[in-house]
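What follows is the content of run-v2.tsv, which has TSV, C-alpha atoms:
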```
chain	number	residue	atom	x	y	z
A	762	MET	CA	324.57	-2.97	-9.57
A	763	GLU	CA	325.60	0.66	-10.22
A	764	PRO	CA	325.88	1.57	-13.93
A	765	SER	CA	329.60	2.35	-13.53
A	766	ASN	CA	330.23	-1.03	-11.90
A	767	LEU	CA	328.23	-2.76	-14.63
A	768	ASN	CA	330.33	-1.02	-17.28
A	769	LYS	CA	333.53	-2.10	-15.50
A	770	GLU	CA	332.33	-5.71	-15.36
A	771	GLN	CA	331.39	-5.65	-19.05
A	772	ASP	CA	334.81	-4.15	-19.82
A	773	GLN	CA	336.55	-6.91	-17.83
A	774	ASN	CA	334.52	-9.59	-19.60
A	775	SER	CA	335.44	-8.09	-22.97
A	776	TRP	CA	339.16	-8.00	-22.10
A	777	ALA	CA	339.05	-11.56	-20.73
A	778	LEU	CA	337.34	-12.86	-23.88
A	779	ASN	CA	339.86	-11.06	-26.09
A	780	ALA	CA	342.86	-12.37	-24.11
A	781	TRP	CA	341.52	-15.93	-24.25
A	782	THR	CA	340.78	-15.63	-27.98
A	783	LEU	CA	344.34	-14.48	-28.68
A	784	LEU	CA	345.88	-17.22	-26.53
A	785	SER	CA	343.75	-19.81	-28.33
A	786	LYS	CA	344.84	-18.40	-31.70
A	787	LEU	CA	348.46	-18.51	-30.57
A	788	ARG	CA	348.11	-22.16	-29.58
A	789	ASP	CA	346.45	-23.01	-32.90
A	790	GLN	CA	348.82	-21.06	-35.15
A	791	SER	CA	352.13	-21.57	-33.26
A	792	PRO	CA	353.70	-18.38	-34.67
A	793	LEU	CA	357.45	-18.39	-35.32
A	794	ILE	CA	359.09	-15.78	-33.08
A	795	GLN	CA	362.70	-14.80	-33.74
A	796	CYS	CA	364.47	-13.63	-30.58
A	797	ILE	CA	367.70	-11.65	-30.67
A	798	THR	CA	368.14	-11.54	-26.95
A	799	ASN	CA	370.61	-11.60	-24.10
A	800	PHE	CA	372.46	-14.63	-22.76
A	801	VAL	CA	370.65	-14.43	-19.39
A	802	SER	CA	367.15	-14.61	-20.87
A	803	MET	CA	367.41	-17.13	-23.71
A	804	ASP	CA	366.27	-20.16	-21.71
A	805	LEU	CA	363.27	-18.61	-19.93
A	806	MET	CA	362.23	-16.70	-23.05
A	807	ALA	CA	362.24	-19.84	-25.22
A	808	ASN	CA	360.38	-21.87	-22.58
A	809	THR	CA	357.78	-19.13	-22.10
A	810	LEU	CA	357.09	-19.08	-25.84
A	811	LEU	CA	356.93	-22.87	-26.03
A	812	SER	CA	354.58	-23.20	-23.05
A	813	ALA	CA	352.26	-20.56	-24.53
A	814	GLY	CA	352.17	-22.42	-27.84
A	815	ALA	CA	354.56	-20.36	-29.98
A	816	SER	CA	357.70	-21.51	-31.78
A	817	PRO	CA	360.90	-19.72	-30.63
A	818	ALA	CA	363.98	-19.22	-32.78
A	819	MET	CA	367.02	-17.81	-30.98
A	820	ILE	CA	368.79	-16.66	-34.13
A	821	HIS	CA	371.08	-13.64	-33.82
A	822	SER	CA	373.79	-14.11	-36.44
A	823	ILE	CA	373.70	-11.39	-39.10
A	824	GLU	CA	374.67	-14.01	-41.71
A	825	GLU	CA	371.29	-15.73	-41.24
A	826	ILE	CA	368.97	-12.71	-41.14
A	827	GLN	CA	368.33	-12.27	-44.87
A	828	ASP	CA	367.39	-15.94	-45.29
A	829	PHE	CA	365.53	-16.51	-42.05
A	830	THR	CA	363.81	-13.32	-40.86
A	831	PRO	CA	361.40	-12.88	-43.83
A	832	HIS	CA	359.70	-16.15	-42.78
A	833	ILE	CA	359.04	-15.30	-39.12
A	834	HIS	CA	355.72	-14.06	-37.71
A	835	ALA	CA	357.28	-11.57	-35.27
A	836	LEU	CA	360.70	-10.44	-34.03
A	837	CYS	CA	361.77	-9.72	-30.45
A	838	ILE	CA	364.91	-7.62	-29.92
A	839	ASN	CA	366.35	-7.40	-26.39
A	840	VAL	CA	369.54	-5.43	-25.69
A	841	GLY	CA	370.31	-6.96	-22.28
A	842	THR	CA	373.88	-8.19	-22.81
A	843	LEU	CA	374.58	-5.68	-25.58
A	844	SER	CA	377.88	-5.67	-27.47
A	845	PRO	CA	378.97	-3.84	-30.63
A	846	ALA	CA	379.07	-7.17	-32.50
A	847	TRP	CA	375.33	-7.75	-31.99
A	848	LEU	CA	374.04	-4.31	-32.99
A	849	PRO	CA	374.31	-4.77	-36.78
A	850	ALA	CA	372.22	-7.98	-36.57
A	851	MET	CA	369.56	-6.19	-34.49
A	852	ARG	CA	369.48	-3.34	-36.99
A	853	GLU	CA	369.36	-5.70	-39.98
A	854	ALA	CA	366.65	-7.91	-38.50
A	855	SER	CA	364.38	-4.96	-37.70
A	856	LEU	CA	364.81	-3.59	-41.24
A	857	VAL	CA	364.04	-7.01	-42.79
A	858	ALA	CA	361.02	-7.48	-40.52
A	859	ASN	CA	359.69	-4.04	-41.47
A	860	LYS	CA	360.20	-4.75	-45.17
A	861	ALA	CA	358.36	-8.07	-44.82
A	862	GLY	CA	355.50	-6.41	-42.92
A	863	LYS	CA	356.21	-8.40	-39.73
A	864	PRO	CA	355.82	-6.78	-36.30
A	865	TRP	CA	358.87	-6.39	-34.10
A	866	ILE	CA	359.12	-5.67	-30.39
A	867	LEU	CA	361.94	-3.82	-28.59
A	868	ASP	CA	363.03	-4.44	-24.99
A	869	PRO	CA	365.44	-1.55	-24.18
A	870	VAL	CA	367.10	-3.17	-21.13
A	871	ALA	CA	368.86	-0.62	-18.88
A	872	ALA	CA	368.54	1.98	-21.67
A	873	GLY	CA	369.81	4.84	-19.50
A	874	ALA	CA	372.77	3.01	-17.97
A	875	SER	CA	375.43	4.11	-20.50
A	876	ARG	CA	375.84	6.35	-23.54
A	877	PHE	CA	376.57	3.36	-25.77
A	878	ARG	CA	373.39	1.58	-24.67
A	879	LEU	CA	371.19	4.68	-24.87
A	880	LYS	CA	372.43	5.53	-28.37
A	881	ALA	CA	371.81	1.96	-29.54
A	882	CYS	CA	368.30	1.90	-28.09
A	883	LEU	CA	367.39	5.28	-29.59
A	884	GLU	CA	368.64	4.07	-32.99
A	885	LEU	CA	366.45	0.96	-32.70
A	886	VAL	CA	363.43	3.09	-31.68
A	887	GLY	CA	363.99	5.01	-34.92
A	888	LEU	CA	363.60	1.76	-36.86
A	889	LYS	CA	359.88	1.65	-36.00
A	890	PRO	CA	359.15	-1.17	-33.54
A	891	SER	CA	355.49	-2.11	-33.17
A	892	VAL	CA	355.83	-2.24	-29.37
A	893	ILE	CA	358.42	-1.00	-26.87
A	894	ARG	CA	358.28	-2.76	-23.47
A	895	GLY	CA	360.43	-1.65	-20.57
A	896	ASN	CA	360.41	-0.71	-16.91
A	897	GLY	CA	359.80	2.84	-15.70
A	898	SER	CA	363.45	3.94	-15.74
A	899	GLU	CA	364.03	2.55	-19.25
A	900	ILE	CA	360.98	4.28	-20.73
A	901	ILE	CA	361.85	7.60	-19.06
A	902	ALA	CA	365.43	7.37	-20.40
A	903	LEU	CA	364.17	6.73	-23.95
A	904	SER	CA	361.55	9.46	-23.75
A	905	LYS	CA	364.06	12.05	-22.53
A	906	ALA	CA	366.94	10.58	-24.60
A	907	SER	CA	369.13	10.97	-21.51
A	908	LEU	CA	371.08	8.89	-19.02
A	909	GLY	CA	369.31	8.41	-15.70
A	910	PRO	CA	369.49	6.75	-12.30
A	911	THR	CA	369.47	3.00	-12.67
A	912	LYS	CA	370.16	-0.12	-10.62
A	913	GLY	CA	371.49	-2.17	-13.50
A	914	VAL	CA	368.48	-3.75	-15.16
A	915	ASP	CA	366.17	-2.91	-12.22
A	916	SER	CA	363.94	0.14	-12.28
A	917	SER	CA	364.41	3.17	-10.04
A	918	HIS	CA	360.87	4.29	-10.94
A	919	GLU	CA	357.39	2.88	-10.48
A	920	SER	CA	355.41	2.32	-13.69
A	921	MET	CA	352.99	5.15	-12.81
A	922	ASP	CA	355.95	7.58	-12.61
A	923	ALA	CA	356.57	6.85	-16.29
A	924	MET	CA	353.02	7.34	-17.61
A	925	GLU	CA	353.64	10.73	-19.25
A	926	ALA	CA	357.00	9.56	-20.60
A	927	ALA	CA	355.31	6.48	-22.07
A	928	LYS	CA	352.63	8.57	-23.78
A	929	SER	CA	355.25	10.95	-25.14
A	930	LEU	CA	357.42	8.07	-26.43
A	931	ALA	CA	354.41	6.40	-28.04
A	932	GLN	CA	353.51	9.61	-29.85
A	933	SER	CA	357.06	10.30	-31.04
A	934	SER	CA	357.87	6.71	-32.08
A	935	GLY	CA	354.50	5.49	-33.36
A	936	ALA	CA	354.91	2.38	-31.19
A	937	ILE	CA	352.68	0.97	-28.49
A	938	VAL	CA	354.60	1.54	-25.24
A	939	ALA	CA	354.26	-0.83	-22.28
A	940	VAL	CA	355.72	-0.07	-18.85
A	941	SER	CA	356.09	-3.00	-16.46
A	942	GLY	CA	355.51	-2.49	-12.75
A	943	ALA	CA	353.09	-3.23	-9.92
A	944	VAL	CA	350.54	-2.05	-12.49
A	945	ASP	CA	351.60	-2.57	-16.11
A	946	ILE	CA	350.78	0.47	-18.26
A	947	ILE	CA	350.10	0.21	-21.99
A	948	THR	CA	349.54	3.25	-24.20
A	949	ASP	CA	349.34	4.32	-27.83
A	950	GLY	CA	349.98	7.92	-26.77
A	951	HIS	CA	346.29	8.63	-26.21
A	952	ARG	CA	344.58	5.61	-24.68
A	953	VAL	CA	346.11	4.24	-21.48
A	954	VAL	CA	345.32	0.77	-20.14
A	955	GLY	CA	346.45	-0.77	-16.85
A	956	VAL	CA	347.07	-4.48	-16.19
A	957	HIS	CA	346.83	-5.43	-12.51
A	958	ASN	CA	347.90	-9.11	-12.73
A	959	GLY	CA	351.12	-10.66	-11.43
A	960	VAL	CA	352.96	-11.21	-8.14
A	961	SER	CA	355.95	-9.34	-6.70
A	962	MET	CA	358.12	-12.48	-6.44
A	963	MET	CA	358.33	-12.56	-10.26
A	964	GLN	CA	360.89	-9.76	-9.82
A	965	LYS	CA	363.14	-12.26	-8.00
A	966	ILE	CA	363.41	-14.43	-11.14
A	967	THR	CA	365.86	-13.15	-13.71
A	968	ALA	CA	364.49	-12.52	-17.21
A	969	THR	CA	360.74	-12.51	-16.43
A	970	GLY	CA	360.54	-9.08	-18.08
A	971	CYS	CA	362.45	-10.37	-21.10
A	972	ALA	CA	360.15	-13.40	-21.27
A	973	VAL	CA	356.96	-11.33	-21.23
A	974	THR	CA	358.35	-9.16	-24.05
A	975	ALA	CA	358.71	-12.33	-26.15
A	976	LEU	CA	355.14	-13.31	-25.22
A	977	ILE	CA	353.98	-9.86	-26.36
A	978	ALA	CA	355.69	-10.54	-29.71
A	979	ALA	CA	353.76	-13.81	-30.02
A	980	PHE	CA	350.43	-12.15	-29.19
A	981	VAL	CA	351.07	-9.28	-31.63
A	982	ALA	CA	352.00	-11.89	-34.26
A	983	VAL	CA	348.46	-13.34	-34.14
A	984	ASP	CA	346.74	-9.91	-34.07
A	985	PRO	CA	349.13	-7.33	-35.58
A	986	LEU	CA	346.37	-4.80	-36.31
A	987	HIS	CA	345.49	-4.46	-32.60
A	988	ALA	CA	348.91	-4.22	-30.97
A	989	LEU	CA	347.68	-2.37	-27.86
A	990	GLU	CA	345.08	-5.03	-27.07
A	991	ALA	CA	347.53	-7.84	-27.87
A	992	THR	CA	350.17	-6.30	-25.60
A	993	ALA	CA	347.76	-5.85	-22.68
A	994	SER	CA	346.48	-9.41	-23.17
A	995	ALA	CA	350.00	-10.88	-23.13
A	996	LEU	CA	350.90	-8.98	-19.95
A	997	SER	CA	347.72	-10.10	-18.20
A	998	ILE	CA	348.11	-13.75	-19.30
A	999	PHE	CA	351.72	-13.83	-18.06
A	1000	GLY	CA	350.64	-12.18	-14.80
A	1001	ILE	CA	347.84	-14.72	-14.28
A	1002	ALA	CA	350.31	-17.57	-14.86
A	1003	GLY	CA	352.51	-15.98	-12.19
A	1004	GLU	CA	349.60	-15.74	-9.74
A	1005	MET	CA	348.66	-19.38	-10.30
A	1006	GLY	CA	352.31	-20.44	-10.04
A	1007	MET	CA	352.64	-18.55	-6.76
A	1008	ASP	CA	349.80	-20.62	-5.28
A	1009	MET	CA	352.13	-23.64	-5.52
A	1010	ALA	CA	355.57	-22.05	-5.17
A	1011	LYS	CA	357.89	-22.02	-2.15
A	1012	GLY	CA	360.23	-19.39	-3.56
A	1013	PRO	CA	361.62	-17.93	-6.81
A	1014	ALA	CA	363.01	-21.22	-8.17
A	1015	SER	CA	359.77	-23.15	-7.82
A	1016	LEU	CA	357.77	-20.12	-9.00
A	1017	ARG	CA	359.76	-20.18	-12.25
A	1018	MET	CA	358.79	-23.82	-12.80
A	1019	HIS	CA	355.14	-23.38	-11.80
A	1020	LEU	CA	354.79	-20.19	-13.88
A	1021	ILE	CA	355.78	-22.09	-17.02
A	1022	ASP	CA	353.44	-24.98	-16.12
A	1023	SER	CA	350.58	-22.57	-15.37
A	1024	LEU	CA	351.02	-20.79	-18.69
A	1025	TYR	CA	350.91	-24.14	-20.49
A	1026	ASN	CA	347.78	-25.29	-18.60
A	1027	LEU	CA	345.90	-21.97	-18.60
A	1028	ASP	CA	342.19	-22.36	-19.40
A	1029	GLN	CA	339.36	-19.95	-20.12
A	1030	ALA	CA	337.89	-20.19	-16.61
A	1031	ALA	CA	341.17	-18.99	-15.05
A	1032	VAL	CA	341.49	-16.13	-17.53
A	1033	SER	CA	337.87	-15.04	-16.97
A	1034	SER	CA	338.07	-15.13	-13.19
A	1035	ARG	CA	341.54	-13.65	-12.71
A	1036	LEU	CA	342.12	-11.07	-15.47
A	1037	LYS	CA	342.29	-7.47	-14.22
A	1038	VAL	CA	342.57	-4.82	-16.95
A	1039	SER	CA	341.24	-1.27	-16.69
A	1040	SER	CA	341.32	2.02	-18.53
A	1041	LEU	CA	343.48	4.63	-16.78
```
Render the structure in this file as structure tokens.
Amino acid sequence: MEPSNLNKEQDQNSWALNAWTLLSKLRDQSPLIQCITNFVSMDLMANTLLSAGASPAMIHSIEEIQDFTPHIHALCINVGTLSPAWLPAMREASLVANKAGKPWILDPVAAGASRFRLKACLELVGLKPSVIRGNGSEIIALSKASLGPTKGVDSSHESMDAMEAAKSLAQSSGAIVAVSGAVDIITDGHRVVGVHNGVSMMQKITATGCAVTALIAAFVAVDPLHALEATASALSIFGIAGEMGMDMAKGPASLRMHLIDSLYNLDQAAVSSRLKVSSL
């Protein structure tokens, strides 16, 4: 075996072991993940967290934040069905999480679609999320702080188109930035990692992106000091579950069911044989 190929194999083995270790920790610890998320994603997000071994709490009322949020292990904020009434709770929860030393993850859904949405997302970025996960168009909009072409919540850009924007946003925000796409890109502004797991039909199921953001929150909850590795591991684990689900699925509806089952049943052999993570 060529030295470069040997290094790649060792790198894959290291990533696979790390991803499995984090999933095992998640299952053992069952971290409490607060999700302030959109109406479309609540069901799939909660079921994804449950099947992975975490404990979801879909609490978004500002009246509960001061009592509840200090006790969580991570917070997931998703602006999908954004309204002015929800913004204060998002702001408050991120401040409380920061004060309590708990990681929080931002999903800036359709960030460039309107001025109201872009302003809200930029304000939340300023409140120091641990990780920002979006598609190419969302990350470019945040990086440039400008409105851009969008197809609702779908991306007009491939993940690779957003690599420089992701690095720039990571450097300016201090967050790990993850860009979902055919290849998921994760960066701290310097290092760039690519995750090559998943199947295209996952895009035909609403809220898969939202669900993987919640899974990232759970993985970062069990390893907050290594948010880049935790983020890449969560993306690869979710992608592997999608691949295994696709082996049994007949279309998007059955893929949704089999994805959740596959995530619940995932074992070390599947992670070791299927995980595809590389440095970019």
### Task
Would you list the contacts of segment 868-884 of chain A as a VMD selection string, taking every protein, DNA or RNA residue within 10 Å and counting all atoms listed in the file, but skipping same-chain residues closer than 6 positions in sequence?
chain A and resid 798 to 799 837 to 845 848 851 to 852 890 892 to 896 898 to 916 934 939 970 to 971 973 to 975
Ile977 of chain A proximity check over A:Arg952, A:Met806, A:Arg1017, A:Met1005, using only C-alpha atoms: winner is A:Met806
**Prompt:** Can you tell me how far atom CA of Ile998 of chain A sits from atom CA of Asp922 of chain A, in Å to one decimal?
**Reply:**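 Between atom CA of Ile998 of chain A and atom CA of Asp922 of chain A the gap works out to 23.7 Å.
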Min atom-atom distance to Ile1021 of chain A from the set A:Gly1003, A:Pro849, A:Gly950, A:Gly897, counting only C-alpha atoms, belongs to A:Gly1003
Produce the centre coordinates and the three edge lengths, each in Å to one decimal, of the box along x, y and z that contains all listed atoms of segment 837-854 of chain A with 4 Å added on each side, as JSON.
```
{"center_x": 370.4, "center_y": -6.5, "center_z": -31.1, "size_x": 25.3, "size_y": 14.4, "size_z": 25.7}
```
message: Set the distance at 12 Å and use only C-alpha atoms: which residues neighbour Asn768 of chain A once local chain neighbours fewer than 6 positions away are removed? I'd like the list as JSON, numbers by chain.
response: {"A": [762, 774, 775, 1039, 1040]}
Hey, can you spit out that residue selection with C-alpha atoms as a PDB file, keeping the file's coordinate frame?
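Output file selection.pdb follows:
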```pdb
ATOM      1  CA  MET A 762     324.570  -2.970  -9.570  1.00  0.00           C
ATOM      2  CA  ASN A 774     334.520  -9.590 -19.600  1.00  0.00           C
ATOM      3  CA  SER A 775     335.440  -8.090 -22.970  1.00  0.00           C
ATOM      4  CA  SER A1039     341.240  -1.270 -16.690  1.00  0.00           C
ATOM      5  CA  SER A1040     341.320   2.020 -18.530  1.00  0.00           C
TER       6      SER A1040
END
```
One decimal place gives the atom CA of Ser891 of chain A-atom CA of Met962 of chain A separation as 28.8 Å
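With all atoms listed in the file as the basis for measurement, A:Ala995 is the residue among A:Val857, A:Ala931, A:Leu888, A:Ala995 that approaches Val983 of chain A most closely.
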